[in-house]
file data-v8.txt (compact mmCIF, C-alpha atoms)
# COMPACT_ATOMS: atom_id res chain seq x y z
CA MET A 2 -19.39 31.96 -71.63
CA SER A 3 -16.24 32.60 -69.73
CA SER A 4 -18.23 34.12 -66.97
CA ARG A 5 -20.47 31.04 -66.76
CA SER A 6 -17.41 28.78 -66.61
CA GLU A 7 -15.93 30.88 -63.84
CA GLN A 8 -19.20 30.74 -61.96
CA LYS A 9 -19.21 26.96 -62.24
CA GLN A 10 -15.60 26.73 -61.03
CA ARG A 11 -16.35 29.04 -58.14
CA ALA A 12 -19.42 27.07 -57.22
CA ARG A 13 -17.44 23.81 -57.35
CA ALA A 14 -14.67 25.31 -55.23
CA GLU A 15 -17.21 26.54 -52.70
CA ARG A 16 -18.93 23.15 -52.64
CA GLU A 17 -15.62 21.36 -52.17
CA ALA A 18 -14.61 23.78 -49.43
CA ALA A 19 -17.95 23.25 -47.71
CA GLU A 20 -17.52 19.49 -47.99
CA ARG A 21 -13.99 19.70 -46.56
CA GLU A 22 -15.24 21.87 -43.72
CA ALA A 23 -18.11 19.46 -43.08
CA ALA A 24 -15.65 16.54 -43.05
CA ARG A 25 -13.34 18.41 -40.66
CA SER A 26 -16.28 19.31 -38.47
CA ALA A 27 -17.50 15.70 -38.45
CA GLY A 28 -13.95 14.55 -37.62
CA ARG A 29 -13.74 17.03 -34.73
CA ARG A 30 -17.14 15.91 -33.45
CA ARG A 31 -16.14 12.25 -33.71
CA ARG A 32 -12.91 12.92 -31.80
CA LEU A 33 -14.72 14.83 -29.10
CA TYR A 34 -17.18 11.95 -28.73
CA SER A 35 -14.22 9.56 -28.58
CA LEU A 36 -12.58 11.80 -25.98
CA GLY A 37 -15.77 11.72 -23.92
CA ALA A 38 -15.92 7.94 -24.25
CA ALA A 39 -12.23 7.70 -23.25
CA VAL A 40 -12.85 9.82 -20.15
CA LEU A 41 -15.87 7.68 -19.29
CA ALA A 42 -13.95 4.42 -19.82
CA ALA A 43 -11.07 5.69 -17.67
CA ALA A 44 -13.49 6.86 -14.96
CA VAL A 45 -15.15 3.43 -14.89
CA MET A 46 -11.77 1.66 -14.63
CA VAL A 47 -10.63 3.96 -11.81
CA ALA A 48 -13.98 3.58 -10.03
CA VAL A 49 -13.67 -0.22 -10.21
CA ALA A 50 -10.10 -0.02 -8.87
CA VAL A 51 -11.18 2.30 -6.04
CA ALA A 52 -14.11 0.00 -5.21
CA ILE A 53 -11.76 -2.98 -5.06
CA GLY A 54 -9.34 -0.96 -2.92
CA SER A 55 -12.09 0.09 -0.52
CA SER A 56 -13.72 -3.32 -0.27
CA GLY A 57 -11.27 -4.43 2.39
CA SER A 58 -11.92 -1.47 4.65
CA SER A 59 -13.35 -2.74 7.87
CA LYS A 60 -14.46 -1.77 11.28
CA PRO A 61 -12.82 -3.55 14.17
CA LYS A 62 -14.77 -6.64 15.26
CA THR A 63 -14.14 -7.08 18.95
CA SER A 64 -17.35 -8.94 19.66
CA GLY A 65 -19.55 -11.62 18.16
CA ALA A 66 -18.77 -14.99 16.60
CA SER A 67 -15.69 -13.83 14.68
CA ALA A 68 -14.16 -12.40 17.86
CA LYS A 69 -14.76 -15.69 19.69
CA SER A 70 -13.18 -17.55 16.82
CA ASP A 71 -10.14 -15.20 17.04
CA VAL A 72 -9.75 -15.92 20.74
CA THR A 73 -9.85 -19.66 20.12
CA ALA A 74 -7.39 -19.49 17.23
CA VAL A 75 -4.91 -17.35 19.19
CA ALA A 76 -5.18 -19.59 22.26
CA GLN A 77 -4.43 -22.65 20.11
CA LEU A 78 -1.53 -20.95 18.34
CA LEU A 79 0.19 -19.76 21.51
CA SER A 80 -0.76 -22.59 23.86
CA GLY A 81 2.21 -23.94 25.80
CA ILE A 82 4.75 -21.51 24.31
CA PRO A 83 6.55 -19.48 26.99
CA GLN A 84 6.23 -15.69 26.94
CA SER A 85 8.10 -12.99 28.80
CA GLY A 86 7.70 -9.29 28.12
CA ASN A 87 7.84 -8.89 24.34
CA ARG A 88 9.34 -12.37 23.84
CA LEU A 89 7.61 -15.47 22.54
CA GLY A 90 9.52 -18.74 22.79
CA MET A 91 12.29 -20.26 24.84
CA ALA A 92 14.86 -17.76 26.12
CA SER A 93 17.53 -20.30 25.15
CA ALA A 94 16.45 -20.46 21.48
CA PRO A 95 19.57 -19.95 19.34
CA VAL A 96 17.86 -17.70 16.78
CA THR A 97 16.15 -14.42 17.71
CA ILE A 98 13.74 -12.71 15.36
CA ASP A 99 12.87 -9.11 16.11
CA TYR A 100 9.51 -8.39 14.53
CA TYR A 101 9.16 -4.62 14.07
CA GLY A 102 5.48 -3.80 13.75
CA ASP A 103 2.86 -1.12 14.09
CA LEU A 104 -0.45 -2.44 15.40
CA GLN A 105 -2.43 -0.39 12.86
CA CYS A 106 -0.29 -1.57 9.93
CA PRO A 107 -2.40 -3.71 7.57
CA VAL A 108 0.69 -5.26 5.96
CA CYS A 109 1.70 -6.44 9.46
CA ARG A 110 -1.75 -7.93 9.80
CA ASP A 111 -1.30 -9.80 6.52
CA PHE A 112 2.03 -11.13 7.75
CA THR A 113 0.66 -12.01 11.20
CA LEU A 114 -2.17 -13.99 9.64
CA GLY A 115 0.00 -15.29 6.78
CA ALA A 116 3.50 -16.62 7.45
CA LEU A 117 3.72 -15.98 11.19
CA PRO A 118 1.46 -18.83 12.41
CA GLU A 119 3.62 -21.41 10.60
CA LEU A 120 6.77 -19.83 12.03
CA ILE A 121 5.30 -19.97 15.53
CA SER A 122 3.88 -23.48 15.31
CA THR A 123 7.06 -24.87 13.71
CA ASP A 124 10.24 -23.08 14.78
CA VAL A 125 9.16 -21.19 17.90
CA ARG A 126 7.30 -24.16 19.33
CA ALA A 127 10.31 -26.39 18.63
CA GLY A 128 12.50 -24.04 20.66
CA THR A 129 14.84 -23.12 17.82
CA VAL A 130 13.54 -19.56 17.37
CA LYS A 131 12.31 -16.88 19.76
CA LEU A 132 10.33 -13.87 18.58
CA ARG A 133 10.45 -10.37 20.04
CA TYR A 134 7.71 -7.93 19.12
CA ARG A 135 9.11 -4.43 18.76
CA SER A 136 7.39 -1.15 18.00
CA LEU A 137 8.02 0.91 14.89
CA GLN A 138 5.66 3.70 13.92
CA THR A 139 4.68 3.54 10.27
CA ALA A 140 0.97 3.20 9.54
CA THR A 141 -0.26 5.04 12.62
CA ALA A 142 -0.11 8.74 11.81
CA ASP A 143 -0.53 10.08 15.32
CA LEU A 144 2.37 9.49 17.73
CA ALA A 145 0.21 9.65 20.87
CA THR A 146 -2.15 7.00 19.49
CA PHE A 147 0.80 4.88 18.40
CA ARG A 148 2.32 4.99 21.89
CA GLN A 149 -1.02 4.30 23.51
CA GLN A 150 -1.70 1.15 21.46
CA GLN A 151 1.86 -0.22 21.63
CA VAL A 152 2.03 0.40 25.40
CA ALA A 153 -1.28 -1.46 25.78
CA ALA A 154 0.40 -4.51 24.22
CA LEU A 155 3.52 -4.12 26.37
CA ALA A 156 1.30 -3.83 29.46
CA ALA A 157 -0.13 -7.25 28.59
CA GLY A 158 3.48 -8.41 28.33
CA ARG A 159 3.90 -7.60 32.02
CA GLN A 160 1.58 -10.57 32.54
CA ARG A 161 3.31 -12.72 29.89
CA ARG A 162 0.48 -12.16 27.44
CA LEU A 163 1.83 -9.60 24.97
CA TRP A 164 1.56 -12.03 22.06
CA HIS A 165 -2.08 -12.79 22.85
CA TYR A 166 -2.76 -9.06 22.79
CA VAL A 167 -0.82 -8.44 19.58
CA GLU A 168 -2.40 -11.40 17.77
CA LEU A 169 -5.91 -10.33 18.78
CA PHE A 170 -5.26 -6.70 17.84
CA TYR A 171 -4.12 -7.65 14.35
CA ARG A 172 -7.02 -10.05 13.85
CA GLN A 173 -9.55 -7.39 14.87
CA GLN A 174 -7.74 -4.47 13.28
CA GLY A 175 -9.80 -1.68 11.70
CA THR A 176 -8.89 0.73 8.94
CA GLU A 177 -5.71 2.60 9.78
CA ASN A 178 -6.07 6.10 11.21
CA SER A 179 -9.86 5.88 11.14
CA GLY A 180 -9.94 6.73 14.83
CA TYR A 181 -10.96 3.24 15.95
CA VAL A 182 -8.02 2.93 18.37
CA THR A 183 -9.51 4.37 21.49
CA GLY A 184 -9.33 3.51 25.16
CA PRO A 185 -12.50 1.36 24.95
CA PHE A 186 -11.14 -0.51 21.90
CA LEU A 187 -7.86 -1.28 23.66
CA GLN A 188 -9.86 -2.39 26.69
CA ARG A 189 -12.02 -4.72 24.57
CA ILE A 190 -8.90 -6.38 23.15
CA ALA A 191 -7.56 -6.81 26.68
CA GLU A 192 -10.84 -8.33 27.85
CA GLN A 193 -10.42 -11.11 25.29
CA VAL A 194 -6.93 -12.10 26.44
CA PRO A 195 -7.40 -15.24 28.53
CA GLY A 196 -6.30 -14.84 32.14
CA LEU A 197 -5.32 -11.17 31.87
CA ASP A 198 -5.77 -9.26 35.12
CA LEU A 199 -7.48 -6.15 33.78
CA SER A 200 -6.81 -3.91 36.75
CA ALA A 201 -3.10 -4.76 36.67
CA TRP A 202 -3.08 -4.22 32.89
CA THR A 203 -4.75 -0.82 33.29
CA ALA A 204 -2.23 0.20 35.94
CA ALA A 205 0.70 -0.96 33.80
CA ARG A 206 -0.43 1.24 30.91
CA ASP A 207 0.60 4.28 32.97
CA ASN A 208 4.09 2.89 33.48
CA ALA A 209 6.57 5.33 31.92
CA ALA A 210 9.03 2.49 31.38
CA LEU A 211 6.74 1.00 28.74
CA THR A 212 6.55 4.27 26.81
CA ALA A 213 10.33 4.42 27.04
CA GLU A 214 10.48 0.88 25.63
CA VAL A 215 8.41 1.97 22.62
CA THR A 216 10.79 4.89 22.06
CA ALA A 217 13.81 2.61 22.47
CA ASP A 218 12.38 0.18 19.91
CA GLY A 219 12.12 3.03 17.40
CA ALA A 220 15.76 3.94 18.04
CA ALA A 221 16.81 0.29 17.67
CA ALA A 222 14.91 0.10 14.39
CA ALA A 223 16.76 3.15 13.11
CA ARG A 224 20.11 1.57 14.05
CA ALA A 225 19.09 -1.60 12.23
CA ALA A 226 17.98 0.48 9.21
CA ALA A 227 14.45 -0.88 9.65
CA ALA A 228 12.05 1.74 8.39
CA ALA A 229 9.07 -0.23 7.08
CA THR A 230 6.76 -2.63 8.84
CA PRO A 231 6.78 -5.51 9.12
CA THR A 232 10.56 -5.87 9.28
CA LEU A 233 12.14 -9.03 10.62
CA ILE A 234 15.71 -8.89 11.90
CA ILE A 235 16.94 -12.46 12.23
CA ALA A 236 19.97 -13.04 14.46
CA GLY A 237 21.74 -16.33 15.10
CA PRO A 238 25.15 -17.84 15.73
CA LYS A 239 26.22 -17.18 12.13
CA GLY A 240 25.19 -13.54 11.99
CA THR A 241 22.26 -11.21 11.46
CA ARG A 242 20.14 -10.55 8.44
CA THR A 243 17.00 -8.66 7.52
CA ALA A 244 14.34 -10.88 5.98
CA GLY A 245 13.66 -9.86 2.40
CA ASP A 246 11.06 -12.48 1.62
CA LEU A 247 8.33 -12.56 4.26
CA SER A 248 6.86 -15.89 3.18
CA TYR A 249 7.48 -18.77 5.59
CA ALA A 250 9.88 -20.38 3.08
CA GLY A 251 11.86 -17.15 2.83
CA ILE A 252 12.06 -16.73 6.60
CA ALA A 253 13.03 -20.39 7.05
CA ALA A 254 15.87 -19.88 4.56
CA ASP A 255 17.10 -16.86 6.55
CA ILE A 256 16.88 -18.83 9.79
CA ALA A 257 18.93 -21.63 8.24
CA ALA A 258 21.51 -19.11 7.03
CA VAL A 259 22.14 -17.68 10.51
CA SER A 260 21.91 -20.99 12.36
CA SER A 261 24.94 -23.05 13.25
CA MET B 15 5.91 11.31 -24.28
CA LEU B 16 8.40 8.51 -24.77
CA VAL B 17 10.82 10.14 -22.32
CA LEU B 18 8.08 10.77 -19.76
CA GLY B 19 6.82 7.20 -20.17
CA CYS B 20 10.33 5.87 -19.57
CA ILE B 21 10.72 8.04 -16.45
CA GLY B 22 7.39 6.78 -15.10
CA TRP B 23 8.32 3.21 -15.95
CA GLY B 24 11.64 3.66 -14.12
CA ILE B 25 9.91 4.97 -10.98
CA ALA B 26 7.39 2.10 -10.99
CA ALA B 27 10.13 -0.47 -11.66
CA TYR B 28 12.21 0.87 -8.75
CA LEU B 29 9.25 0.77 -6.34
CA THR B 30 8.31 -2.73 -7.50
CA TYR B 31 11.90 -3.92 -6.97
CA VAL B 32 12.02 -2.32 -3.52
CA HIS B 33 8.71 -3.94 -2.59
CA TYR B 34 9.65 -7.48 -3.60
CA GLU B 35 13.17 -7.25 -2.20
CA GLY B 36 11.87 -5.96 1.14
CA LEU B 37 14.07 -2.87 0.86
CA HIS B 38 13.26 0.68 1.91
CA PRO B 39 12.75 3.25 -0.83
CA LEU B 40 15.05 6.26 -0.75
CA CYS B 41 12.93 8.96 0.80
CA LEU B 42 13.74 12.59 1.50
CA ALA B 43 11.15 13.17 4.25
CA ASP B 44 11.27 11.10 7.42
CA GLY B 45 8.99 8.10 7.27
CA GLY B 46 6.62 9.25 4.53
CA CYS B 47 7.52 6.53 2.06
CA GLU B 48 7.48 3.82 4.73
CA GLN B 49 4.14 5.01 6.05
CA VAL B 50 2.63 4.85 2.58
CA GLN B 51 4.34 1.52 1.87
CA SER B 52 2.97 0.06 5.12
CA SER B 53 -0.57 1.28 4.48
CA ARG B 54 -3.41 -0.78 3.05
CA TYR B 55 -3.39 1.48 -0.01
CA SER B 56 0.01 0.12 -1.03
CA LYS B 57 -1.84 -2.87 -2.50
CA LEU B 58 -4.93 -3.30 -4.61
CA ALA B 59 -6.59 -6.71 -4.36
CA GLY B 60 -3.30 -8.05 -3.05
CA VAL B 61 -1.24 -6.62 -5.91
CA PRO B 62 1.28 -3.88 -5.01
CA VAL B 63 0.24 -0.57 -6.64
CA ALA B 64 3.85 -0.18 -7.82
CA THR B 65 3.40 -3.33 -9.90
CA ILE B 66 0.11 -2.04 -11.29
CA GLY B 67 1.93 1.19 -12.19
CA LEU B 68 4.68 -0.77 -13.90
CA VAL B 69 2.12 -2.63 -16.02
CA GLY B 70 0.35 0.66 -16.78
CA TYR B 71 3.51 2.46 -17.94
CA THR B 72 4.47 -0.57 -20.03
CA LEU B 73 1.07 -0.45 -21.74
CA ILE B 74 1.39 3.31 -22.31
CA LEU B 75 4.83 2.86 -23.88
CA GLY B 76 3.46 0.01 -26.00
CA SER B 77 0.53 2.16 -27.16
CA LEU B 78 2.95 4.86 -28.35
CA ALA B 79 4.21 2.37 -30.92
CA LEU B 80 0.72 1.95 -32.37
CA ARG B 81 0.04 4.00 -35.52
CA GLY B 82 -3.11 5.93 -36.38
CA GLU B 83 -6.03 7.31 -34.47
CA LEU B 84 -6.72 4.07 -32.64
CA GLY B 85 -3.19 4.09 -31.20
CA ARG B 86 -3.54 7.70 -30.08
CA LEU B 87 -6.92 6.90 -28.51
CA ALA B 88 -5.43 3.89 -26.68
CA THR B 89 -2.68 6.11 -25.25
CA LEU B 90 -5.29 8.62 -24.15
CA VAL B 91 -7.47 6.01 -22.40
CA LEU B 92 -4.44 4.50 -20.64
CA THR B 93 -3.04 7.83 -19.48
CA LEU B 94 -6.48 9.01 -18.33
CA THR B 95 -6.88 5.83 -16.30
CA GLY B 96 -3.38 6.18 -14.86
CA TRP B 97 -4.00 9.82 -14.02
CA GLY B 98 -7.30 9.02 -12.30
CA PHE B 99 -5.67 6.28 -10.26
CA SER B 100 -2.74 8.57 -9.36
CA ALA B 101 -5.20 11.26 -8.26
CA TYR B 102 -7.02 8.75 -6.04
CA LEU B 103 -3.77 7.56 -4.43
CA THR B 104 -2.59 11.13 -3.87
CA TYR B 105 -5.91 11.90 -2.20
CA ARG B 106 -5.43 8.87 0.08
CA GLU B 107 -1.87 9.99 0.91
CA LEU B 108 -3.02 13.48 1.85
CA PHE B 109 -6.27 12.75 3.66
CA THR B 110 -6.15 9.14 4.89
CA ILE B 111 -2.54 8.04 5.37
CA ASP B 112 -1.41 11.57 6.23
CA ALA B 113 1.99 11.03 4.63
CA ILE B 114 3.56 11.77 1.29
CA CYS B 115 5.70 9.39 -0.74
CA GLN B 116 7.85 11.45 -3.08
CA TRP B 117 8.10 8.61 -5.61
CA CYS B 118 4.30 8.47 -5.83
CA VAL B 119 4.11 12.25 -6.27
CA ALA B 120 6.77 12.10 -8.99
CA SER B 121 4.79 9.41 -10.78
CA ALA B 122 1.58 11.48 -10.45
CA VAL B 123 3.35 14.50 -11.98
CA VAL B 124 4.65 12.37 -14.87
CA MET B 125 1.18 10.90 -15.42
CA THR B 126 -0.40 14.38 -15.42
CA ALA B 127 2.05 15.55 -18.08
CA LEU B 128 1.40 12.38 -20.08
CA VAL B 129 -2.39 12.77 -20.04
CA VAL B 130 -2.15 16.40 -21.20
CA LEU B 131 0.20 15.46 -24.03
CA ALA B 132 -1.92 12.45 -24.98
CA ALA B 133 -5.05 14.62 -25.18
CA VAL B 134 -3.30 17.26 -27.32
CA ARG B 135 -1.81 14.53 -29.51
CA TYR B 136 -5.21 12.95 -30.04
CA LEU B 137 -7.16 16.14 -30.69
CA ARG B 138 -4.59 17.87 -32.90
CA ALA B 139 -3.55 14.99 -35.11
CA ASP B 140 -4.47 15.01 -38.80
CA PRO B 141 -7.52 12.88 -39.57

call {"tool": "encode", "arguments": {"input": "data-v8.txt", "output": "structure tokens"}}
result
Amino acid sequence: MSSRSEQKQRARAEREAAEREAARSAGRRRRLYSLGAAVLAAAVMVAVAVAIGSSGSSKPKTSGASAKSDVTAVAQLLSGIPQSGNRLGMASAPVTIDYYGDLQCPVCRDFTLGALPELISTDVRAGTVKLRYRSLQTATADLATFRQQQVAALAAGRQRRLWHYVELFYRQQGTENSGYVTGPFLQRIAEQVPGLDLSAWTAARDNAALTAEVTADGAAAARAAAAATPTLIIAGPKGTRTAGDLSYAGIAADIAAVSS
Amino acid sequence: MLVLGCIGWGIAAYLTYVHYEGLHPLCLADGGCEQVQSSRYSKLAGVPVATIGLVGYTLILGSLALRGELGRLATLVLTLTGWGFSAYLTYRELFTIDAICQWCVASAVVMTALVVLAAVRYLRADP
């Protein structure tokens, strides 16, 4: 009798242990499935983010309808505004804005297509502000390429057309460090600058003084503690300040603060 | 995990502040941080990645307050997503931008530790 009772108890204990083990096993399986689902969900979210991040990658468009439209827009923006070297605007303008940029920098492109047109068409055109484009290597990884592209812009400045060159470069910019900045690309930008003497531009690109100007701009940026691009150093009768807010409203507030 | 989450949140908050104030992040190597900050990968659909990181760390910290298996699973999904995104950005730094931002690397290390801990926490917890 006792033996039968013990057998029953043992059988019950074994059944309960088996049930517990089955429950644990089912729990482990469920968690592993959940883990797999979590990995999948995370992979999908990352893939979507990467797809969004890559969607803006572009090849430079130096020909076709969009290029023609760029040329027209730049001509309209800069029409009638005096240029000299890296300067845009009247030499007598009381406020000077040094725009430190890297021609491959996409954030500079955003700024050039964002707040800059309003600044040019309002303050620069009115003669209250002059802009100076200065070189600061950030986005371009290779120094030789950086110098080559920045010197190409400065060479256009020898014919008072640096700002046409810079504006067109930013508008037709490709993906940074993708190797798109080549001699032919720089030439195609130059060919779109209205009135640019291409042989004189080509000759100017070999001018060591322009490479020295790029180097000097980098040193000036370091002195001004400008390390990122775009950086705007705004100087006027009431002092100098670095623009923190690169919207037109922010820049206008800085201009007002340094103006008399 | 709470400490790591707070460290990650602090890094993301600092980079977000630096971005919106137009300041330069403190950087040990010459130019690396600026180069990354000036690259197209510093934003995703117009939103600075530092801000996305700040939101991500906030969500991770919030998920730690949730009880039960669902809370642990939420932490795991969030940290896995953050880790995947960190891995993608680190790849871009190394092979596209050709520059390293130490703050981004620090955040990637924190996120890696978080995802390991979140996985262990999820798999080892009592049912």

call {"tool": "residues_around", "arguments": {"input": "data-v8.txt", "residues": "segment 231-240 of chain A", "least_positions_apart": "4", "cutoff": "8 Å", "atoms": "only C-alpha atoms", "output": "NGL selection string"}}
result
(:A and (95-103 or 108-109 or 112 or 227 or 244 or 255-256 or 258-261)) or (:B and (52))

call {"tool": "write_last_selection", "arguments": {"input": "data-v8.txt", "atoms": "C-alpha atoms", "output": "tab-separated table (two decimals), in the coordinates of the input"}}
result
chain	number	residue	atom	x	y	z
A	95	PRO	CA	19.57	-19.95	19.34
A	96	VAL	CA	17.86	-17.70	16.78
A	97	THR	CA	16.15	-14.42	17.71
A	98	ILE	CA	13.74	-12.71	15.36
A	99	ASP	CA	12.87	-9.11	16.11
A	100	TYR	CA	9.51	-8.39	14.53
A	101	TYR	CA	9.16	-4.62	14.07
A	102	GLY	CA	5.48	-3.80	13.75
A	103	ASP	CA	2.86	-1.12	14.09
A	108	VAL	CA	0.69	-5.26	5.96
A	109	CYS	CA	1.70	-6.44	9.46
A	112	PHE	CA	2.03	-11.13	7.75
A	227	ALA	CA	14.45	-0.88	9.65
A	244	ALA	CA	14.34	-10.88	5.98
A	255	ASP	CA	17.10	-16.86	6.55
A	256	ILE	CA	16.88	-18.83	9.79
A	258	ALA	CA	21.51	-19.11	7.03
A	259	VAL	CA	22.14	-17.68	10.51
A	260	SER	CA	21.91	-20.99	12.36
A	261	SER	CA	24.94	-23.05	13.25
B	52	SER	CA	2.97	0.06	5.12

call {"tool": "axis_aligned_box", "arguments": {"input": "data-v8.txt", "around": "segment 164-183 of chain A", "padding_each_side": "6 Å", "output": "JSON"}}
result
{"center_x": -4.7, "center_y": -3.0, "center_z": 15.9, "size_x": 24.5, "size_y": 31.5, "size_z": 25.9}

call {"tool": "interface_residues", "arguments": {"input": "data-v8.txt", "of": "chain B", "to": "chain A", "cutoff": "10 Å", "atoms": "all atoms listed in the file", "output": "NGL selection string"}}
result
:B and (32-39 or 44-60 or 83 or 87-103 or 110-113 or 133 or 136-138 or 140-141)

call {"tool": "atom_distance", "arguments": {"input": "data-v8.txt", "atom1": "atom CA of Gln160 of chain A", "atom2": "atom CA of Pro195 of chain A"}}
result
10.9 Å

call {"tool": "residues_around", "arguments": {"input": "data-v8.txt", "residues": "Gly67 of chain B", "least_positions_apart": "4", "cutoff": "9 Å", "atoms": "all atoms listed in the file", "output": "list in words"}}
result
Gly22, Trp23, Ile25, Ala26, Ala27, Thr30, Pro62, Val63, Tyr71, Thr72, Gly96 and Ser121 of chain B

call {"tool": "closest_residue", "arguments": {"input": "data-v8.txt", "among": "A:Gly158, A:Gly37, A:Pro61, A:Gly128", "to": "Trp202 of chain A", "atoms": "only C-alpha atoms"}}
result
A:Gly158
